[in-house]
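**Q** See start-v3.cif below, with mmCIF, C-alpha atoms and all ligand atoms.
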```cif
data_target
#
loop_
_atom_site.label_atom_id
_atom_site.label_comp_id
_atom_site.auth_asym_id
_atom_site.auth_seq_id
_atom_site.Cartn_x
_atom_site.Cartn_y
_atom_site.Cartn_z
CA MET R 1 3.56 -8.91 -11.24
CA LYS R 2 1.64 -12.20 -11.11
CA PRO R 3 1.07 -13.28 -7.49
CA GLU R 4 2.77 -16.63 -8.15
CA ASN R 5 5.96 -14.77 -9.20
CA LEU R 6 5.92 -12.46 -6.18
CA ASP R 7 7.09 -15.08 -3.75
CA ARG R 8 10.05 -15.94 -5.98
CA PHE R 9 10.95 -12.25 -6.36
CA TYR R 10 10.69 -11.44 -2.65
CA ARG R 11 12.50 -14.56 -1.48
CA PHE R 12 15.74 -12.65 -2.11
CA HIS R 13 14.42 -9.08 -1.96
CA SER R 14 12.96 -9.56 1.53
CA LEU R 15 16.55 -9.91 2.75
CA ILE R 16 17.62 -6.48 1.46
CA TYR R 17 14.22 -4.77 1.42
CA ASP R 18 14.46 -2.68 4.59
CA PHE R 19 17.90 -1.30 3.66
CA THR R 20 17.21 -0.51 0.03
CA ARG R 21 13.59 0.64 -0.19
CA PRO R 22 13.64 3.84 1.89
CA LEU R 23 15.47 5.34 -1.08
CA PHE R 24 12.77 4.41 -3.62
CA LEU R 25 9.58 4.42 -1.56
CA PRO R 26 9.39 7.89 -0.03
CA ASN R 27 6.67 9.43 2.12
CA ARG R 28 5.29 6.23 3.60
CA LEU R 29 5.38 7.94 6.99
CA LYS R 30 3.27 10.77 5.54
CA ALA R 31 0.77 8.13 4.42
CA VAL R 32 0.71 6.61 7.91
CA LYS R 33 0.15 10.05 9.46
CA ALA R 34 -2.66 10.76 6.98
CA LEU R 35 -4.60 7.90 8.62
CA ASN R 36 -5.06 10.14 11.66
CA ILE R 37 -4.80 7.17 14.00
CA GLN R 38 -7.06 7.14 17.03
CA PRO R 39 -6.97 4.81 20.07
CA LYS R 40 -8.72 1.47 19.39
CA ASP R 41 -8.70 1.96 15.61
CA SER R 42 -8.74 -1.22 13.55
CA ILE R 43 -6.25 -0.84 10.70
CA ILE R 44 -5.44 -3.10 7.75
CA ASP R 45 -2.35 -2.74 5.59
CA PHE R 46 -3.06 -4.19 2.13
CA GLY R 47 0.31 -5.42 0.79
CA CYS R 48 2.08 -4.81 4.09
CA GLY R 49 5.44 -6.22 2.94
CA THR R 50 7.94 -6.31 5.81
CA GLY R 51 5.64 -4.28 8.07
CA TYR R 52 7.08 -0.77 7.68
CA ASN R 53 3.72 1.01 7.97
CA LEU R 54 2.44 -1.16 10.80
CA GLN R 55 5.59 -0.56 12.81
CA LYS R 56 5.16 3.21 12.39
CA ILE R 57 1.48 2.97 13.30
CA ILE R 58 2.12 1.31 16.65
CA LYS R 59 4.85 3.84 17.40
CA ILE R 60 2.19 6.55 17.04
CA ASN R 61 -0.36 4.61 19.10
CA SER R 62 0.02 1.06 20.34
CA ASN R 63 -3.63 0.89 21.43
CA VAL R 64 -4.80 -0.19 17.98
CA ASN R 65 -5.77 -3.42 16.27
CA ILE R 66 -3.51 -4.00 13.27
CA LYS R 67 -3.63 -6.50 10.46
CA GLY R 68 -1.38 -6.99 7.45
CA ILE R 69 -2.03 -8.86 4.22
CA ASP R 70 0.61 -9.89 1.71
CA PHE R 71 1.11 -12.58 -0.88
CA SER R 72 4.75 -13.17 -0.05
CA LYS R 73 5.43 -15.41 2.92
CA TYR R 74 9.03 -14.15 2.98
CA MET R 75 7.89 -10.55 3.43
CA LEU R 76 5.34 -11.59 6.04
CA LYS R 77 7.96 -13.48 8.03
CA LYS R 78 9.90 -10.22 8.39
CA ALA R 79 6.74 -8.31 9.29
CA GLU R 80 5.76 -10.82 11.97
CA LYS R 81 9.16 -10.46 13.63
CA LYS R 82 9.08 -6.67 13.44
CA VAL R 83 5.48 -6.23 14.57
CA PRO R 84 4.55 -8.98 17.07
CA LEU R 85 1.31 -7.11 17.90
CA GLY R 86 0.04 -7.56 14.35
CA GLN R 87 -2.11 -10.27 12.84
CA PHE R 88 -0.94 -11.35 9.41
CA PHE R 89 -2.65 -13.04 6.48
CA THR R 90 -1.13 -14.58 3.37
CA GLY R 91 -3.26 -13.89 0.32
CA ASP R 92 -4.08 -11.85 -2.74
CA ILE R 93 -5.38 -8.40 -1.83
CA LYS R 94 -7.71 -8.53 -4.87
CA ASN R 95 -9.88 -11.21 -3.35
CA ILE R 96 -8.90 -12.00 0.22
CA LYS R 97 -11.83 -11.81 2.63
CA LEU R 98 -11.34 -10.92 6.29
CA GLU R 99 -14.47 -11.22 8.37
CA MET R 100 -14.32 -7.61 9.58
CA LYS R 101 -14.43 -3.98 8.50
CA ALA R 102 -11.65 -1.59 9.46
CA ASP R 103 -11.60 2.05 10.57
CA LYS R 104 -8.50 2.68 8.47
CA ILE R 105 -6.89 1.00 5.47
CA ILE R 106 -3.46 1.77 4.07
CA SER R 107 -1.71 0.49 0.96
CA SER R 108 1.74 1.72 0.03
CA TYR R 109 3.53 1.06 -3.26
CA VAL R 110 1.43 -2.02 -4.00
CA LEU R 111 -1.18 -1.12 -6.64
CA SER R 112 1.62 -0.34 -9.13
CA MET R 113 2.47 -4.07 -9.02
CA ILE R 114 -1.05 -5.31 -9.71
CA ASP R 115 -2.62 -5.61 -13.18
CA ASP R 116 -6.17 -5.63 -11.91
CA TRP R 117 -5.59 -2.82 -9.39
CA GLN R 118 -9.25 -1.76 -9.60
CA LYS R 119 -10.26 -5.09 -8.08
CA ALA R 120 -7.79 -4.55 -5.23
CA ILE R 121 -9.25 -1.09 -4.49
CA LEU R 122 -12.80 -2.46 -4.52
CA ASN R 123 -11.72 -5.14 -2.05
CA MET R 124 -10.20 -2.45 0.20
CA LYS R 125 -13.49 -0.56 0.01
CA LYS R 126 -15.39 -3.73 1.00
CA HIS R 127 -13.24 -3.96 4.13
CA LEU R 128 -13.75 -0.34 5.18
CA LYS R 129 -16.35 0.96 7.63
CA LYS R 130 -18.83 3.61 6.38
CA ASN R 131 -16.90 6.39 8.11
CA GLY R 132 -13.54 4.78 7.39
CA VAL R 133 -10.43 6.24 5.79
CA LEU R 134 -8.41 4.74 2.93
CA VAL R 135 -4.88 5.99 2.28
CA ILE R 136 -2.92 5.00 -0.82
CA ILE R 137 0.59 6.04 -1.76
CA ASP R 138 2.28 4.90 -4.96
CA PHE R 139 4.39 5.81 -7.96
CA HIS R 140 3.07 8.31 -10.48
CA PRO R 141 4.31 9.44 -13.91
CA PHE R 142 6.75 12.34 -13.41
CA GLN R 143 5.58 15.89 -14.08
CA GLY R 144 7.33 19.25 -14.22
CA LYS R 145 11.12 19.39 -13.96
CA LEU R 146 11.64 15.64 -13.63
CA LYS R 147 9.46 14.77 -16.64
CA PRO R 148 12.37 14.28 -19.11
CA LEU R 149 13.77 11.57 -16.80
CA TYR R 150 10.50 9.65 -16.72
CA PRO R 151 11.07 7.31 -19.70
CA LEU R 152 14.26 6.02 -18.08
CA PHE R 153 12.61 5.60 -14.68
CA ASN R 154 9.58 3.96 -16.28
CA PHE R 155 11.83 1.51 -18.10
CA TRP R 156 13.39 0.54 -14.76
CA LEU R 157 9.98 0.21 -13.09
CA LYS R 158 8.61 -1.97 -15.88
CA ALA R 159 11.69 -4.20 -15.72
CA HIS R 160 10.55 -4.93 -12.15
CA GLY R 161 6.89 -5.48 -13.08
CA VAL R 162 5.86 -2.08 -11.71
CA TYR R 163 3.55 0.39 -13.50
CA ALA R 164 3.11 4.00 -12.39
CA ARG R 165 -0.59 4.76 -12.89
CA ASP R 166 -2.30 8.12 -13.04
CA GLU R 167 -5.80 6.60 -13.30
CA ILE R 168 -6.03 5.56 -9.66
CA THR R 169 -7.31 8.89 -8.33
CA GLY R 170 -10.12 9.04 -10.91
CA PHE R 171 -11.18 5.51 -10.05
CA VAL R 172 -11.15 6.16 -6.30
CA LYS R 173 -13.21 9.35 -6.83
CA LYS R 174 -15.99 7.23 -8.35
CA HIS R 175 -16.13 5.08 -5.22
CA PHE R 176 -15.64 7.56 -2.36
CA LYS R 177 -17.45 10.77 -1.47
CA SER R 178 -14.34 12.66 -0.40
CA VAL R 179 -10.90 12.25 -2.00
CA GLU R 180 -7.80 14.38 -1.46
CA GLU R 181 -4.73 13.86 -3.62
CA LYS R 182 -1.22 15.24 -3.20
CA LYS R 183 1.76 14.71 -5.46
CA TYR R 184 5.38 14.87 -4.34
CA TYR R 185 8.78 15.28 -6.00
CA SER R 186 7.55 16.38 -9.44
CA GLY R 187 4.94 13.64 -9.42
CA TYR R 188 7.32 10.80 -8.44
CA CYS R 189 4.64 9.63 -6.02
CA PHE R 190 1.09 10.53 -5.07
CA LEU R 191 -0.78 10.24 -1.81
CA LEU R 192 -4.53 9.72 -1.75
CA LYS R 193 -6.80 10.03 1.22
CA ALA R 194 -10.34 8.82 0.62
CA LYS R 195 -13.28 8.97 3.04
CA TYR R 196 -16.91 7.84 3.01
CA PRO R 197 -17.11 4.86 0.64
CA LEU R 198 -20.12 5.15 -1.68
CA ASN R 199 -22.54 2.20 -2.02
C1 LIG R 201 6.89 -2.62 -3.03
S1 LIG R 201 6.30 -3.69 -1.80
C2 LIG R 201 5.55 -2.55 -0.64
C3 LIG R 201 5.44 -3.15 0.71
C4 LIG R 201 4.97 -2.21 1.81
N1 LIG R 201 3.63 -1.73 1.56
C5 LIG R 201 5.91 -1.05 1.96
O1 LIG R 201 5.52 0.10 1.72
O2 LIG R 201 7.07 -1.30 2.33
C6 LIG R 201 4.89 -4.43 -2.55
C7 LIG R 201 4.30 -5.54 -1.68
O3 LIG R 201 3.02 -5.86 -2.21
C8 LIG R 201 2.87 -7.28 -2.21
N2 LIG R 201 1.89 -7.61 -3.25
C9 LIG R 201 1.95 -7.30 -4.58
N3 LIG R 201 0.85 -7.76 -5.21
C10 LIG R 201 0.08 -8.36 -4.25
C11 LIG R 201 -1.18 -9.01 -4.28
N4 LIG R 201 -1.89 -9.13 -5.41
N5 LIG R 201 -1.68 -9.48 -3.11
C12 LIG R 201 -0.98 -9.37 -1.95
N6 LIG R 201 0.22 -8.76 -1.86
C13 LIG R 201 0.74 -8.25 -3.01
C14 LIG R 201 4.26 -7.81 -2.45
O4 LIG R 201 4.41 -9.15 -2.02
C15 LIG R 201 5.11 -6.82 -1.65
O5 LIG R 201 5.30 -7.24 -0.32
#
```
Go through the file and emit its structure as structure tokens.
**A**
Amino acid sequence: MKPENLDRFYRFHSLIYDFTRPLFLPNRLKAVKALNIQPKDSIIDFGCGTGYNLQKIIKINSNVNIKGIDFSKYMLKKAEKKVPLGQFFTGDIKNIKLEMKADKIISSYVLSMIDDWQKAILNMKKHLKKNGVLVIIDFHPFQGKLKPLYPLFNFWLKAHGVYARDEITGFVKKHFKSVEEKKYYSGYCFLLKAKYPLN
């Protein structure tokens, strides 16, 4: 979805987001846990939405420095209320520049909304320390038993400007030394953990 359309879309959806999305966006807590949060970690959530991940992070350890970036001011308003400890930035995750590098970066169910998702990943990499960890969770084309249902699901995703991509892991592997990928629910979603960004 084009950034300029996001704000219009989330003006209404931010109101119902926290009630409706747990059904469609599973395993975000798994993604948060994959960060292996340590005291004093600096953590950025790229496309933080209403702050779900950041709220879970500070429940695990409140002695962290957390930042969230999102294009939608409506989503950020919710996040700011939910996570007063956080620092929030309005902007496009493809090109926003924060004057810092983080220990951990997370991005959940965001890249599927971005045409130039490669640019967003490269910007995450730019913001990550040399020994940092990047965790991505997002939709994936169905495999196995659920595969026959995929065209219908894909139609619904596309109607909302969302594209399940199976190229993300390959791209991340070119830019990080260590990449682990897991798929869940017949490939409904995948979770990537990448370490050691390459130059
Ligand atoms: C499906 S929501 C996911 C939000 C949150 N990560 C979560 O798991 O609940 C996608 C979010 O990404 C944001 N987003 C999409 N494209 C973006 C972009 N190019 N730059 C910044 N935020 C973007 C949207 O505004 C929205 O809040």
**Q** What's the 12 Å shell around segment 153-170 of chain R, counting only C-alpha atoms, without same-chain residues fewer than 3 positions away, as number ranges by chain?
**A** R: 1-3, 5-6, 9-10, 13, 24, 109-122, 135-143, 146-150, 173-176, 178-183, 187-194
**Q** My list of candidates is R:Asn199, R:Gln55, R:Asn123, R:Gln38. Which is closest to Ile96 of chain R when distances are computed with all atoms listed in the file?
**A**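 Going through R:Asn199, R:Gln55, R:Asn123, R:Gln38 one by one, the smallest distance to Ile96 of chain R is for R:Asn123.
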**Q** Please determine, counting only C-alpha atoms and all ligand atoms, which residue among R:Ile69, R:Leu98, R:Ile16, R:Leu35 has the shortest atom-to-atom distance to ligand LIG 201 (chain R).
**A**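 Distance minimum relative to ligand LIG 201 (chain R) lands on R:Ile69.
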**Q** Give the padded box for segment 176-188 of chain R as lines of an AutoDock Vina configuration file: axis-aligned, covering all atoms listed in the file, 3 Å on each side, centre and edge lengths in Å to one decimal.
**A**
```
center_x = -4.3
center_y = 12.0
center_z = -4.9
size_x = 32.2
size_y = 14.8
size_z = 15.0
```
**Q** So the first atom is atom CA of Pro197 of chain R and the second is atom CA of Leu134 of chain R; what is the distance between them in Å, to one decimal place?
**A**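 Atom-to-atom, atom CA of Pro197 of chain R to atom CA of Leu134 of chain R, that is 9.0 Å.
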**Q** Generate the missing atoms of segment 138-163 of chain R up to N, CA and C atoms and report them as a PDB file, in the coordinates of the input.
**A**
```pdb
ATOM      1  N   ASP R 138       1.663   5.733  -3.917  1.00  0.00           N
ATOM      2  CA  ASP R 138       2.280   4.900  -4.960  1.00  0.00           C
ATOM      3  C   ASP R 138       3.021   5.774  -5.972  1.00  0.00           C
ATOM      4  N   PHE R 139       3.690   5.097  -6.893  1.00  0.00           N
ATOM      5  CA  PHE R 139       4.390   5.810  -7.960  1.00  0.00           C
ATOM      6  C   PHE R 139       3.395   6.497  -8.879  1.00  0.00           C
ATOM      7  N   HIS R 140       3.901   7.542  -9.563  1.00  0.00           N
ATOM      8  CA  HIS R 140       3.070   8.310 -10.480  1.00  0.00           C
ATOM      9  C   HIS R 140       3.981   8.760 -11.624  1.00  0.00           C
ATOM     10  N   PRO R 141       3.461   8.908 -12.841  1.00  0.00           N
ATOM     11  CA  PRO R 141       4.310   9.440 -13.910  1.00  0.00           C
ATOM     12  C   PRO R 141       4.853  10.824 -13.527  1.00  0.00           C
ATOM     13  N   PHE R 142       6.145  11.063 -13.787  1.00  0.00           N
ATOM     14  CA  PHE R 142       6.750  12.340 -13.410  1.00  0.00           C
ATOM     15  C   PHE R 142       6.072  13.505 -14.130  1.00  0.00           C
ATOM     16  N   GLN R 143       6.095  14.660 -13.462  1.00  0.00           N
ATOM     17  CA  GLN R 143       5.580  15.890 -14.080  1.00  0.00           C
ATOM     18  C   GLN R 143       6.651  16.965 -13.879  1.00  0.00           C
ATOM     19  N   GLY R 144       6.443  18.113 -14.482  1.00  0.00           N
ATOM     20  CA  GLY R 144       7.330  19.250 -14.220  1.00  0.00           C
ATOM     21  C   GLY R 144       8.779  18.963 -14.552  1.00  0.00           C
ATOM     22  N   LYS R 145       9.676  19.433 -13.672  1.00  0.00           N
ATOM     23  CA  LYS R 145      11.120  19.390 -13.960  1.00  0.00           C
ATOM     24  C   LYS R 145      11.665  17.988 -14.211  1.00  0.00           C
ATOM     25  N   LEU R 146      11.111  17.010 -13.504  1.00  0.00           N
ATOM     26  CA  LEU R 146      11.640  15.640 -13.630  1.00  0.00           C
ATOM     27  C   LEU R 146      11.118  14.886 -14.855  1.00  0.00           C
ATOM     28  N   LYS R 147      10.147  15.484 -15.551  1.00  0.00           N
ATOM     29  CA  LYS R 147       9.460  14.770 -16.640  1.00  0.00           C
ATOM     30  C   LYS R 147      10.424  14.147 -17.677  1.00  0.00           C
ATOM     31  N   PRO R 148      11.475  14.884 -18.111  1.00  0.00           N
ATOM     32  CA  PRO R 148      12.370  14.280 -19.110  1.00  0.00           C
ATOM     33  C   PRO R 148      13.046  12.989 -18.634  1.00  0.00           C
ATOM     34  N   LEU R 149      13.125  12.793 -17.315  1.00  0.00           N
ATOM     35  CA  LEU R 149      13.770  11.570 -16.800  1.00  0.00           C
ATOM     36  C   LEU R 149      12.805  10.392 -16.714  1.00  0.00           C
ATOM     37  N   TYR R 150      11.511  10.686 -16.966  1.00  0.00           N
ATOM     38  CA  TYR R 150      10.500   9.650 -16.720  1.00  0.00           C
ATOM     39  C   TYR R 150      10.665   8.393 -17.590  1.00  0.00           C
ATOM     40  N   PRO R 151      10.964   8.534 -18.900  1.00  0.00           N
ATOM     41  CA  PRO R 151      11.070   7.310 -19.700  1.00  0.00           C
ATOM     42  C   PRO R 151      12.115   6.334 -19.142  1.00  0.00           C
ATOM     43  N   LEU R 152      13.221   6.867 -18.641  1.00  0.00           N
ATOM     44  CA  LEU R 152      14.260   6.020 -18.080  1.00  0.00           C
ATOM     45  C   LEU R 152      13.763   5.328 -16.792  1.00  0.00           C
ATOM     46  N   PHE R 153      13.131   6.139 -15.944  1.00  0.00           N
ATOM     47  CA  PHE R 153      12.610   5.600 -14.680  1.00  0.00           C
ATOM     48  C   PHE R 153      11.530   4.556 -14.955  1.00  0.00           C
ATOM     49  N   ASN R 154      10.673   4.860 -15.929  1.00  0.00           N
ATOM     50  CA  ASN R 154       9.580   3.960 -16.280  1.00  0.00           C
ATOM     51  C   ASN R 154      10.115   2.632 -16.812  1.00  0.00           C
ATOM     52  N   PHE R 155      11.194   2.715 -17.562  1.00  0.00           N
ATOM     53  CA  PHE R 155      11.830   1.510 -18.100  1.00  0.00           C
ATOM     54  C   PHE R 155      12.294   0.616 -16.934  1.00  0.00           C
ATOM     55  N   TRP R 156      12.886   1.267 -15.938  1.00  0.00           N
ATOM     56  CA  TRP R 156      13.390   0.540 -14.760  1.00  0.00           C
ATOM     57  C   TRP R 156      12.226  -0.064 -13.956  1.00  0.00           C
ATOM     58  N   LEU R 157      11.156   0.733 -13.809  1.00  0.00           N
ATOM     59  CA  LEU R 157       9.980   0.210 -13.090  1.00  0.00           C
ATOM     60  C   LEU R 157       9.417  -1.017 -13.794  1.00  0.00           C
ATOM     61  N   LYS R 158       9.231  -0.873 -15.120  1.00  0.00           N
ATOM     62  CA  LYS R 158       8.610  -1.970 -15.880  1.00  0.00           C
ATOM     63  C   LYS R 158       9.466  -3.234 -15.823  1.00  0.00           C
ATOM     64  N   ALA R 159      10.786  -3.041 -15.804  1.00  0.00           N
ATOM     65  CA  ALA R 159      11.690  -4.200 -15.720  1.00  0.00           C
ATOM     66  C   ALA R 159      11.449  -4.964 -14.416  1.00  0.00           C
ATOM     67  N   HIS R 160      10.855  -4.277 -13.429  1.00  0.00           N
ATOM     68  CA  HIS R 160      10.550  -4.930 -12.150  1.00  0.00           C
ATOM     69  C   HIS R 160       9.056  -5.236 -12.011  1.00  0.00           C
ATOM     70  N   GLY R 161       8.328  -5.162 -13.118  1.00  0.00           N
ATOM     71  CA  GLY R 161       6.890  -5.480 -13.080  1.00  0.00           C
ATOM     72  C   GLY R 161       6.065  -4.425 -12.373  1.00  0.00           C
ATOM     73  N   VAL R 162       6.550  -3.161 -12.421  1.00  0.00           N
ATOM     74  CA  VAL R 162       5.860  -2.080 -11.710  1.00  0.00           C
ATOM     75  C   VAL R 162       5.381  -1.038 -12.731  1.00  0.00           C
ATOM     76  N   TYR R 163       4.153  -0.564 -12.557  1.00  0.00           N
ATOM     77  CA  TYR R 163       3.550   0.390 -13.500  1.00  0.00           C
ATOM     78  C   TYR R 163       2.999   1.599 -12.751  1.00  0.00           C
TER      79      TYR R 163
END
```
